Amino acid sequence: MALEAYMLDWAQMLVRWLHLITGIAWIGSSFYFVWLDNHLEVPPKDPNPRVYGEIWSVHGGGFYHNRKFLQGPGWIPEKLHWFKYEAYFTWMSGMGLLALLYWAGASTFMVDPAVLPLEPWQAVAIGFGVLVGGWLLYEGLCRTELVKSGMDFAVIGFALLALITFGLTQVFGGRAAFIHIGAMIGTCMVGNVFFTIIPGQKKMVAAIAEGREPDPIWGQRGKQRSVHNNYLTLPVLFIMISNHYPMTYSGKWNWAVLLVITLAAMLIRHFFNLKHKGVIKPALPLAGAALFALLAVFLYPRPQAASGPAIVIPPEKVTFANVQDVINNRCVSCHAATPSRGNFVTAPAGIKLEDPADIKRWAGRIHEQAVVRRAMPQGNVTGITEEERALLGAWYAAGAPGK
C-alpha cells in the first residue's frame with residue numbers, strides 16, 4: 001500500500017504539472033487572440049479588400065504585422081498553424097487529475113456523510129454525470145435563439161450554473177463540489193474547441209481549397225464560442241486553486257461564495273475586454289472588488305454552530321493530554337511523517353501533528369479548520385465528535401497550553 005500510494009503521488013504531481021503547463025498555453029493563446037481581435041485597426045490601411053483589420057506590434061526585439069481575413073485570404077497558406085492541442089491536453093490532463101485524486105479517493109475527497117452519505121461509486125457516477133449533463137445543457141442552450149443576445153444568454157447561463165452549483169454542494173463536500181463545477185466548465189470550454197471552433201475552421205479551409213467562398217456562419221460561431229471561453233477562464237482558474245482555501249468551500253453558503261467569485265471574475269474580465277477596445281468602465285473592476293470585499297467580511301472566521309446545544313467543557317478536562325488524544329485519534333492518520341491512510345504519502349500541506357511541539361505550533365490552524373470552519377477532518381472520515389471539537393476550541397481559547 002505504501003508503494004501504491006507513493007506511485008499515485010508521483011502520478012498526481014506529474015499530471016498536475018502537465019495540466020498547468022498546457023493550461024497556460026491554452027489560456028495564453030486564448031487571451032492573446034481576444035486581445036488581438038479587440039485591437040485590430042478597422043478598416044485597415046492594407047489595400048487588400050479581403051483584409052478585415054490589421055495591427056502592428058513590437059515584441060522580443062522585432063516588429064509584427066497581423067492581418068485578419070474573415071473569409072480567408074482566398075488561398076491556403078503552405079503552413080497554417082492551428083490552436084487546438086493546448087485545449088485538448090489541458091482537458092485530458094485535468095480529467096486524469098480528477099480521476100487520480102478525486103475519483104480514486106472518492107471515499108475521502110468526495111463523500112461527506114454530513115452532507116449526503118453516498119457509496120464511492122455513486123459519488124463518481126454523479127461526478128461524471130455532472131460533466132456530461134452540464135456540457136449537454138450548455139450545448140443545447142447555445143443552439144437556441146438566446147445565443148444571439150449576449151446578455152440574455154449570460155443571465156440564463158449564470159442562473160443554470162447557480163442551480164447546478166447549489167445542487168452539487170448538497171451532494172458532495174465543498175471541495176469536491178467546487179472541483180467538479182470547474183471540471184464541468186472546462187468540459188464545456190474544450191467542447192467549444194472540439195465540436196464548434198475547429199470543425200468550423202476545417203470547413204472554411206476546405207471551402208477555400210475548393211475555390212468556394214466560406215460560409216461566414218462558421219467564423220461567427222467560432223468567435224462566439226471563443227468569447228464564451230474567455231469569460232469562463234478566470235472562474236476556472238480560481239476553482240483550480242480553491243482547494244487551498246477551505247474558507248471558500250467549507251461553509252454552508254459555499255455555493256453562494258463560488259457564484260459571487262465567478263460573477264466578480266467575469267466583471268473584471270469584461271473590463272479588460274472593453275479596455276482592449278478603448279472603452280474604459282471603472283465601475284466593472286470596482287464592482288468586482290466590492291464583491292470580493294463583501295465576501296471577505298462574510299467569510300470572517302466565526303465558530304459554526306454545531307447541531308444541538310452548545311457543549312461546555314469543564315476546565316479540568318482542558319488538558320494537553322486530552323487534546324493530544326483527540327489529535328492522535330482524529331488527525332494523525334493523515335498528518336504524520338508517514339500517513340497510515342492510503343491516500344497520502346506525506347502529511348497534507350506539510351502539517352505533522354505527531355509531536356507535542358508540532359501540535360502547539362499548529363494550534364491556530366487546528367482551531368480554524370476543526371473548530372471554526374469544521375472543514376477537517378476531510379468529510380469527517382475519522383469520526384470526530386462535537387465534544388472533541390469543543391475540547392479543541394476550549395484548549396485554544398485557554399491559550400493552547402502545552403501541558
# chains A, B, ... in the order shown; residues from 1 in each chain; ligands from 1
>>> select_by_dssp(residues="stretch 149-375 of chain A", states="helix (DSSP H, G or I)", output="VMD selection string")
chain A and resid 150 to 169 174 to 209 216 to 242 246 to 249 254 to 276 283 to 298 315 to 317 320 to 330 348 to 350 356 to 361 363 to 372
>>> residues_around(residues="A:Ile198", least_positions_apart="5", cutoff="8 Å", atoms="only C-alpha atoms", output="list in words")
Lys84, Val193 and Gly222 of chain A
>>> closest_residue(among="A:Phe272, A:Phe178, A:Phe238, A:Tyr88", to="A:Trp255", atoms="only C-alpha atoms")
A:Phe178
>>> residues_around(residues="stretch 141-145 of chain A", least_positions_apart="5", cutoff="12 Å", atoms="only C-alpha atoms", output="compact mmCIF listing (two decimals) with N, CA and C atoms, in the first residue's frame")
# COMPACT_ATOMS: atom_id res chain seq x y z
N GLY A 134 -23.80 18.72 -17.81
CA GLY A 134 -23.55 20.15 -17.88
C GLY A 134 -23.19 20.59 -19.28
N TRP A 135 -22.36 19.80 -19.95
CA TRP A 135 -21.98 20.14 -21.32
C TRP A 135 -23.18 20.05 -22.26
N LEU A 136 -24.00 19.02 -22.12
CA LEU A 136 -25.18 18.87 -22.98
C LEU A 136 -26.14 20.05 -22.78
N GLY A 150 -26.29 38.39 -26.20
CA GLY A 150 -25.23 38.10 -25.23
C GLY A 150 -25.68 38.21 -23.79
N ASP A 152 -28.87 38.17 -22.44
CA ASP A 152 -29.88 37.16 -22.08
C ASP A 152 -29.23 35.79 -21.89
N PHE A 153 -28.33 35.46 -22.80
CA PHE A 153 -27.65 34.17 -22.71
C PHE A 153 -26.82 34.10 -21.43
N ALA A 154 -26.12 35.19 -21.10
CA ALA A 154 -25.28 35.21 -19.90
C ALA A 154 -26.12 35.06 -18.63
N VAL A 155 -27.25 35.75 -18.58
CA VAL A 155 -28.10 35.70 -17.39
C VAL A 155 -28.67 34.30 -17.18
N ILE A 156 -29.20 33.72 -18.25
CA ILE A 156 -29.78 32.37 -18.13
C ILE A 156 -28.69 31.35 -17.85
N GLY A 157 -27.54 31.50 -18.53
CA GLY A 157 -26.43 30.58 -18.28
C GLY A 157 -25.95 30.65 -16.84
N PHE A 158 -25.87 31.86 -16.29
CA PHE A 158 -25.44 32.02 -14.89
C PHE A 158 -26.47 31.43 -13.93
N LEU A 160 -28.46 28.89 -14.55
CA LEU A 160 -28.31 27.43 -14.61
C LEU A 160 -27.07 26.98 -13.84
N CYS A 188 -17.13 22.13 -20.99
CA CYS A 188 -17.86 22.98 -21.94
C CYS A 188 -16.88 23.77 -22.80
N GLY A 191 -15.24 21.48 -25.24
CA GLY A 191 -16.27 21.10 -26.19
C GLY A 191 -16.45 22.17 -27.26
N ASN A 192 -16.34 23.43 -26.85
CA ASN A 192 -16.42 24.53 -27.82
C ASN A 192 -15.32 24.40 -28.88
N THR A 196 -17.07 22.84 -32.18
CA THR A 196 -17.54 24.02 -32.91
C THR A 196 -16.42 24.79 -33.59
N ARG A 221 -19.69 31.59 -35.42
CA ARG A 221 -19.90 30.65 -34.31
C ARG A 221 -18.61 30.39 -33.55
N GLY A 222 -17.52 30.26 -34.29
CA GLY A 222 -16.23 30.04 -33.64
C GLY A 222 -15.85 31.21 -32.76
N GLN A 224 -17.88 33.35 -31.40
CA GLN A 224 -18.83 33.38 -30.28
C GLN A 224 -18.40 32.43 -29.16
N ARG A 225 -18.06 31.20 -29.54
CA ARG A 225 -17.65 30.22 -28.53
C ARG A 225 -16.30 30.61 -27.91
N HIS A 228 -17.05 33.03 -25.21
CA HIS A 228 -17.57 32.31 -24.04
C HIS A 228 -16.41 31.77 -23.21
>>> closest_residue(among="A:Glu41, A:Asp325, A:Glu368, A:Glu387", to="A:Glu354", atoms="only C-alpha atoms")
A:Asp325
>>> residues_around(residues="A:Arg389", least_positions_apart="2", cutoff="9 Å", atoms="only C-alpha atoms", output="ChimeraX atom specification")
/A:326,367,370-371,374,384-387,391-394
>>> write_last_selection(atoms="C-alpha atoms", output="PDB file, in the first residue's frame")
ATOM      1  CA  VAL A 326      -8.077  13.760  20.078  1.00  0.00           C
ATOM      2  CA  HIS A 367      -8.666  25.622  15.707  1.00  0.00           C
ATOM      3  CA  ALA A 370     -11.507  21.699  13.053  1.00  0.00           C
ATOM      4  CA  VAL A 371     -13.489  24.094  15.248  1.00  0.00           C
ATOM      5  CA  ARG A 374     -15.290  22.393  10.684  1.00  0.00           C
ATOM      6  CA  ILE A 384     -14.512  13.425  15.318  1.00  0.00           C
ATOM      7  CA  THR A 385     -17.292  14.188  17.809  1.00  0.00           C
ATOM      8  CA  GLU A 386     -18.845  17.511  18.764  1.00  0.00           C
ATOM      9  CA  GLU A 387     -17.405  17.150  22.264  1.00  0.00           C
ATOM     10  CA  LEU A 391     -12.426  20.447  23.658  1.00  0.00           C
ATOM     11  CA  LEU A 392     -10.096  21.716  20.944  1.00  0.00           C
ATOM     12  CA  GLY A 393     -11.909  25.050  20.979  1.00  0.00           C
ATOM     13  CA  ALA A 394     -11.657  25.371  24.760  1.00  0.00           C
TER      14      ALA A 394
END
>>> closest_residue(among="A:Ala106, A:Val297, A:Val279, A:Ala207", to="A:Leu118", atoms="only C-alpha atoms")
A:Ala106
>>> closest_residue(among="A:Val111, A:Ala123, A:Leu234, A:Ala99", to="A:Gly23", atoms="only C-alpha atoms")
A:Leu234
>>> closest_residue(among="A:Gly399, A:Gly174, A:Pro113, A:Gly288", to="A:Val260", atoms="only C-alpha atoms")
A:Gly288
>>> residues_around(residues="stretch 312-323 of chain A", least_positions_apart="6", cutoff="12 Å", atoms="only C-alpha atoms", output="NGL selection string")
:A and (329-331 or 353 or 355-357 or 359-360 or 363 or 366-367 or 386-403)
>>> closest_residue(among="A:Leu36, A:Glu210, A:Val190, A:Met151", to="A:Ile76", atoms="only C-alpha atoms")
A:Glu210
>>> atom_distance(atom1="atom CA of A:Gly278", atom2="atom CA of A:Asp37")
12.4 Å
